[in-house]
2 protein chains.
Amino acid sequence: MTASFDDPVLRVTVPDKGWLERLDDLDDRVQLEVWDFASPQPEGRIDLAVRPYTPTADGLAELDPTRLDILQLQTLGFDGVPDALPAGITCCNAVGVHEGSTAELAVALLLASQREIDAFAREQRQWNRRFTSSLLDRRIMLLGYGGIGVEVEKRLAGFDAELVRVAGHRREDDRGVVHGNDELAGLLPTVDAVIVAVPLSDATVRLVGDEFLGALPDGAVVVNVSRGKVADTDAVVRQAGRIRYASDVTDPEPLPADHPLWGVPGVLISPHVGGMSSAMQPRIDNVVRRQIQNLLDGRGPDSVVISP
Amino acid sequence: MTASFDDPVLRVTVPDKGWLERLDDLDDRVQLEVWDFASPQPEGRIDLAVRPYTPTADGLAELDPTRLDILQLQTLGFDGVPDALPAGITCCNAVGVHEGSTAELAVALLLASQREIDAFAREQRQWNRRFTSSLLDRRIMLLGYGGIGVEVEKRLAGFDAELVRVAGHRREDDRGVVHGNDELAGLLPTVDAVIVAVPLSDATVRLVGDEFLGALPDGAVVVNVSRGKVADTDAVVRQAGRIRYASDVTDPEPLPADHPLWGVPGVLISPHVGGMSSAMQPRIDNVVRRQIQNLLDGRGPDSVVISP
């Protein structure tokens with residue numbers, strides 16, 4: 001497609017120069033420029049602004065909604081964004097970018113905790129052979145059956161474990177029952193591991209607390225790739241001798257160096273890197289390409305989480 | 001089935017008292033007793049002796065072949081056993097006991113190395129967020145496509161990676177091509193990871209050496225769940241800045257505390273625990289039950305690796 005002076009021009013900002021090279025084959029009607037969100041909002045109207053990769057809502061309140069149509073996040077979560085974002089700006093999250101990578105990290109944390117890879121890594125120069133827990137023959141609960149839960153299920157399918165899926169409401173699909181939240185208390189004593197991938201909400205804040213952990217059998221492992229606030233950290237510290245806890249998220253983040261959760265036996269922490277992998281860049285590039293094509297074609301953007 | 005005085009009696013030894021409880025429902029015609037192989041071989045003829053779980057051939061040369069028919073190993077490997085075992089004793093290995101658990105550890109080591117779980121475990125009290133390598137979109141070579149390789153393939157099927165299978169000779173199956181060993185040099189530069197699960201043989205000793213490692217692209221990871229001698233340790237130490245190495249086996253074992261392989265950046269060692277997991281006991285119990293049934297039914301034993 002060639003541009004002509006009467007073609008509509010789409011003005012898109014990207015957060016750094018690397019994007020200009022990766023997207024240099026875009027339609028001529030697209031005007032691409034760099035805005036890092038640290039400098040002031042550029043003059044003139046912007047159709048689509050891609051925000052830097054950050055988990056916070058910092059700085060969003062200063063955006064001028066009369067000169068920005070659509071804000072594209074690079075994250076799946078958007079905690080705090082609805083409160084901070086001025087009315088009039090459409091906000092889209094990054095569906096399809098992080099789910100696979102986060103599910104992969106959940107399985108990595110589960111396997112590392114069960115097979116004690118974290119302990120072996122710390123015990124280098126020793127040769128402490130011992131029996132560890134395998135996933136074979138175990139029951140593993142997937143708590144939260146959204147984008148990440150589905151990707152965890154796909155990855156665990158070959159491990160000869162039984163998967164117990166739990167979502168908001170009980171339903172059935174071609175792989176059997178998806179249990180409802182109301183069955184949780186009855187199911188927890190029957191599983192050997194729980195992968196927590198629920199969204200943060202009033203219903204899930206501090207869900208992984210004394211009652212939840214106390215219902216699990218000895219030696220069970222809880223993997224958290226949801227949000228730090230879904231767990232009651234004090235309860236985790238209290239129960240960590242009896243159960244294992246492997247988490248990519250903490251409350252607060254970053255977890256301070258003197259926090260009691262560090263160094264508790266049976267606790268493995270990664271610093272919120274579920275989506276921070278080599279899988280991210282090609283996928284976020286594709287999301288932005290697709291959004292640009294949507295706008296060029298006169299459609300609305302995909303994955304709208306806040307309407308103007 | 002009830003026993004009568006003219007029924008044939010099968011005499012079976014097991015390495016510790018736990019076995020007596022786990023197998024207490026056996027056919028009445030089976031006489032079960034404990035022999036730990038540390039004390040002298042019991043008087044009289046033994047039909048089937050289950051050896052303790054050990055990777056060595058120590059002590060086998062002292063067995064009296066006129067009083068022992070079948071030796072059942074609890075390991076899949078039997079390095080050194082053919083040389084040590086007196087002629088006249090049938091030896092069976094533990095097929096189906098360790099493959100799943102070892103494949104699971106191979107995936108655990110691969111994921112831990114790629115997503116830097118080992119480094120995060122060592123960096124506790126820090127919060128070093130960084131991008132790591134995902135398996136998504138990667139090419140992973142399965143070098144050795146026997147019992148362990150097949151189980152690794154099953155587990156990696158859901159990770160959105162492309163699997164490149166290599167066995168002795170090129171063939172095709174319903175999932176595509178299994179490449180032959182003669183294609184190895186051409187394939188190594190095209191893969192991001194190699195899981196080594198070949199048996200130790202004249203053809204595979206020191207296979208993972210300078211030439212092999214040098215053919216891999218920067219940042220590739222090699223996972224070894226085969227045998228320590230399949231790798232040239234000096235070459236691994238030389239190349240470990242450029243590639244990653246995650247291994248459950250070393251040469252020698254145990255790896256001495258002052259060995260240069262410990263502490264090399266990008267190297268993760270577990271102390272030969274592939275089969276040492278909760279998956280083992282129910283599976284080895286089943287192997288012994290099946291062997292006993294074979295003998296009661298007048299069939300020969302399964303999984304014979306040395307004939308009398």
# chains A, B, ... in the order shown; residues from 1 in each chain; ligands from 1

call {"tool": "closest_atom_pairs", "arguments": {"of": "chain A", "to": "chain B", "cutoff": "8 Å", "atoms": "only C-alpha atoms", "output": "JSON lines"}}
result
{"residue": "A:Gly100", "atom": "CA", "partner": "B:Leu136", "partner_atom": "CA", "distance": 7.6}
{"residue": "A:Ser101", "atom": "CA", "partner": "B:Ser134", "partner_atom": "CA", "distance": 6.6}
{"residue": "A:Glu104", "atom": "CA", "partner": "B:Phe159", "partner_atom": "CA", "distance": 7.3}
{"residue": "A:Leu105", "atom": "CA", "partner": "B:Arg115", "partner_atom": "CA", "distance": 7.1}
{"residue": "A:Ala108", "atom": "CA", "partner": "B:Leu111", "partner_atom": "CA", "distance": 5.4}
{"residue": "A:Leu109", "atom": "CA", "partner": "B:Ile117", "partner_atom": "CA", "distance": 7.5}
{"residue": "A:Leu111", "atom": "CA", "partner": "B:Ala108", "partner_atom": "CA", "distance": 5.4}
{"residue": "A:Ala112", "atom": "CA", "partner": "B:Ala108", "partner_atom": "CA", "distance": 6.1}
{"residue": "A:Arg115", "atom": "CA", "partner": "B:Leu105", "partner_atom": "CA", "distance": 7.1}
{"residue": "A:Ile117", "atom": "CA", "partner": "B:Asp118", "partner_atom": "CA", "distance": 6.9}
{"residue": "A:Asp118", "atom": "CA", "partner": "B:Ala121", "partner_atom": "CA", "distance": 5.3}
{"residue": "A:Ala119", "atom": "CA", "partner": "B:Ala121", "partner_atom": "CA", "distance": 7.7}
{"residue": "A:Phe120", "atom": "CA", "partner": "B:Ser270", "partner_atom": "CA", "distance": 5.9}
{"residue": "A:Ala121", "atom": "CA", "partner": "B:Asp118", "partner_atom": "CA", "distance": 5.3}
{"residue": "A:Arg122", "atom": "CA", "partner": "B:Arg122", "partner_atom": "CA", "distance": 5.7}
{"residue": "A:Gln124", "atom": "CA", "partner": "B:Trp262", "partner_atom": "CA", "distance": 6.3}
{"residue": "A:Arg125", "atom": "CA", "partner": "B:Ala257", "partner_atom": "CA", "distance": 4.4}
{"residue": "A:Gln126", "atom": "CA", "partner": "B:Ala257", "partner_atom": "CA", "distance": 6.1}
{"residue": "A:Trp127", "atom": "CA", "partner": "B:Pro271", "partner_atom": "CA", "distance": 5.4}
{"residue": "A:Asn128", "atom": "CA", "partner": "B:Pro271", "partner_atom": "CA", "distance": 6.4}
{"residue": "A:Arg129", "atom": "CA", "partner": "B:Pro271", "partner_atom": "CA", "distance": 5.5}
{"residue": "A:Arg130", "atom": "CA", "partner": "B:Met276", "partner_atom": "CA", "distance": 6.7}
{"residue": "A:Phe131", "atom": "CA", "partner": "B:Met276", "partner_atom": "CA", "distance": 4.7}
{"residue": "A:Thr132", "atom": "CA", "partner": "B:Ser277", "partner_atom": "CA", "distance": 4.7}
{"residue": "A:Ser133", "atom": "CA", "partner": "B:Ser278", "partner_atom": "CA", "distance": 5.1}
{"residue": "A:Ser134", "atom": "CA", "partner": "B:Ser278", "partner_atom": "CA", "distance": 5.5}
{"residue": "A:Leu135", "atom": "CA", "partner": "B:Ala279", "partner_atom": "CA", "distance": 8.0}
{"residue": "A:Leu136", "atom": "CA", "partner": "B:Ala279", "partner_atom": "CA", "distance": 5.9}
{"residue": "A:Asp137", "atom": "CA", "partner": "B:Ala279", "partner_atom": "CA", "distance": 7.4}
{"residue": "A:Lys154", "atom": "CA", "partner": "B:Gly158", "partner_atom": "CA", "distance": 5.1}
{"residue": "A:Arg155", "atom": "CA", "partner": "B:Gly158", "partner_atom": "CA", "distance": 4.3}
{"residue": "A:Leu156", "atom": "CA", "partner": "B:Arg155", "partner_atom": "CA", "distance": 7.2}
{"residue": "A:Ala157", "atom": "CA", "partner": "B:Gly158", "partner_atom": "CA", "distance": 7.1}
{"residue": "A:Gly158", "atom": "CA", "partner": "B:Arg155", "partner_atom": "CA", "distance": 4.3}
{"residue": "A:Phe159", "atom": "CA", "partner": "B:Arg155", "partner_atom": "CA", "distance": 5.6}
{"residue": "A:Pro254", "atom": "CA", "partner": "B:Trp127", "partner_atom": "CA", "distance": 6.2}
{"residue": "A:Leu255", "atom": "CA", "partner": "B:Trp127", "partner_atom": "CA", "distance": 7.0}
{"residue": "A:Pro256", "atom": "CA", "partner": "B:Arg125", "partner_atom": "CA", "distance": 7.2}
{"residue": "A:Ala257", "atom": "CA", "partner": "B:Arg125", "partner_atom": "CA", "distance": 4.4}
{"residue": "A:Asp258", "atom": "CA", "partner": "B:Arg125", "partner_atom": "CA", "distance": 7.1}
{"residue": "A:His259", "atom": "CA", "partner": "B:Arg125", "partner_atom": "CA", "distance": 7.9}
{"residue": "A:Trp262", "atom": "CA", "partner": "B:Arg125", "partner_atom": "CA", "distance": 5.8}
{"residue": "A:Gly263", "atom": "CA", "partner": "B:Gln124", "partner_atom": "CA", "distance": 6.9}
{"residue": "A:Leu268", "atom": "CA", "partner": "B:Ala121", "partner_atom": "CA", "distance": 6.5}
{"residue": "A:Ile269", "atom": "CA", "partner": "B:Ala121", "partner_atom": "CA", "distance": 7.2}
{"residue": "A:Ser270", "atom": "CA", "partner": "B:Phe120", "partner_atom": "CA", "distance": 5.9}
{"residue": "A:Pro271", "atom": "CA", "partner": "B:Trp127", "partner_atom": "CA", "distance": 5.4}
{"residue": "A:His272", "atom": "CA", "partner": "B:Arg129", "partner_atom": "CA", "distance": 6.9}
{"residue": "A:Val273", "atom": "CA", "partner": "B:Arg129", "partner_atom": "CA", "distance": 6.4}
{"residue": "A:Met276", "atom": "CA", "partner": "B:Phe131", "partner_atom": "CA", "distance": 4.7}
{"residue": "A:Ser277", "atom": "CA", "partner": "B:Thr132", "partner_atom": "CA", "distance": 4.7}
{"residue": "A:Ser278", "atom": "CA", "partner": "B:Ser133", "partner_atom": "CA", "distance": 5.1}
{"residue": "A:Ala279", "atom": "CA", "partner": "B:Leu136", "partner_atom": "CA", "distance": 5.9}

call {"tool": "residues_around", "arguments": {"residues": "Val166 in chain A", "least_positions_apart": "3", "cutoff": "10 Å", "atoms": "only C-alpha atoms", "output": "ChimeraX atom specification"}}
result
/A:141-145,149,163,169-171,177-184,187,196,198

call {"tool": "residues_around", "arguments": {"residues": "range 231-244 of chain A", "least_positions_apart": "3", "cutoff": "8 Å", "atoms": "only C-alpha atoms", "output": "list in words"}}
result
Ser113, Val205, Arg206, Leu207, Val208, Gly209, Asp210, Leu213, Gly214, Leu216, Pro217, Asp218, Gly219, Ala220, Val221, Val222, Arg227, Gly228, Thr250, Asp251, Pro260, Leu261, Val264, Pro265, Gly266 and Val267 of chain A

call {"tool": "closest_residue", "arguments": {"among": "A:Arg11, A:Gly300, A:Glu162, A:Asp58", "to": "Asp27 in chain A", "atoms": "only C-alpha atoms"}}
result
A:Arg11

call {"tool": "atom_distance", "arguments": {"atom1": "CA of Pro308 in chain A", "atom2": "CA of Ala87 in chain A"}}
result
5.8 Å

call {"tool": "closest_residue", "arguments": {"among": "B:Asn286, B:Thr54, B:Gln291, B:Ser201", "to": "Ile70 in chain B", "atoms": "only C-alpha atoms"}}
result
B:Gln291

call {"tool": "atom_distance", "arguments": {"atom1": "CA of Leu60 in chain A", "atom2": "CA of Leu26 in chain A"}}
result
27.3 Å
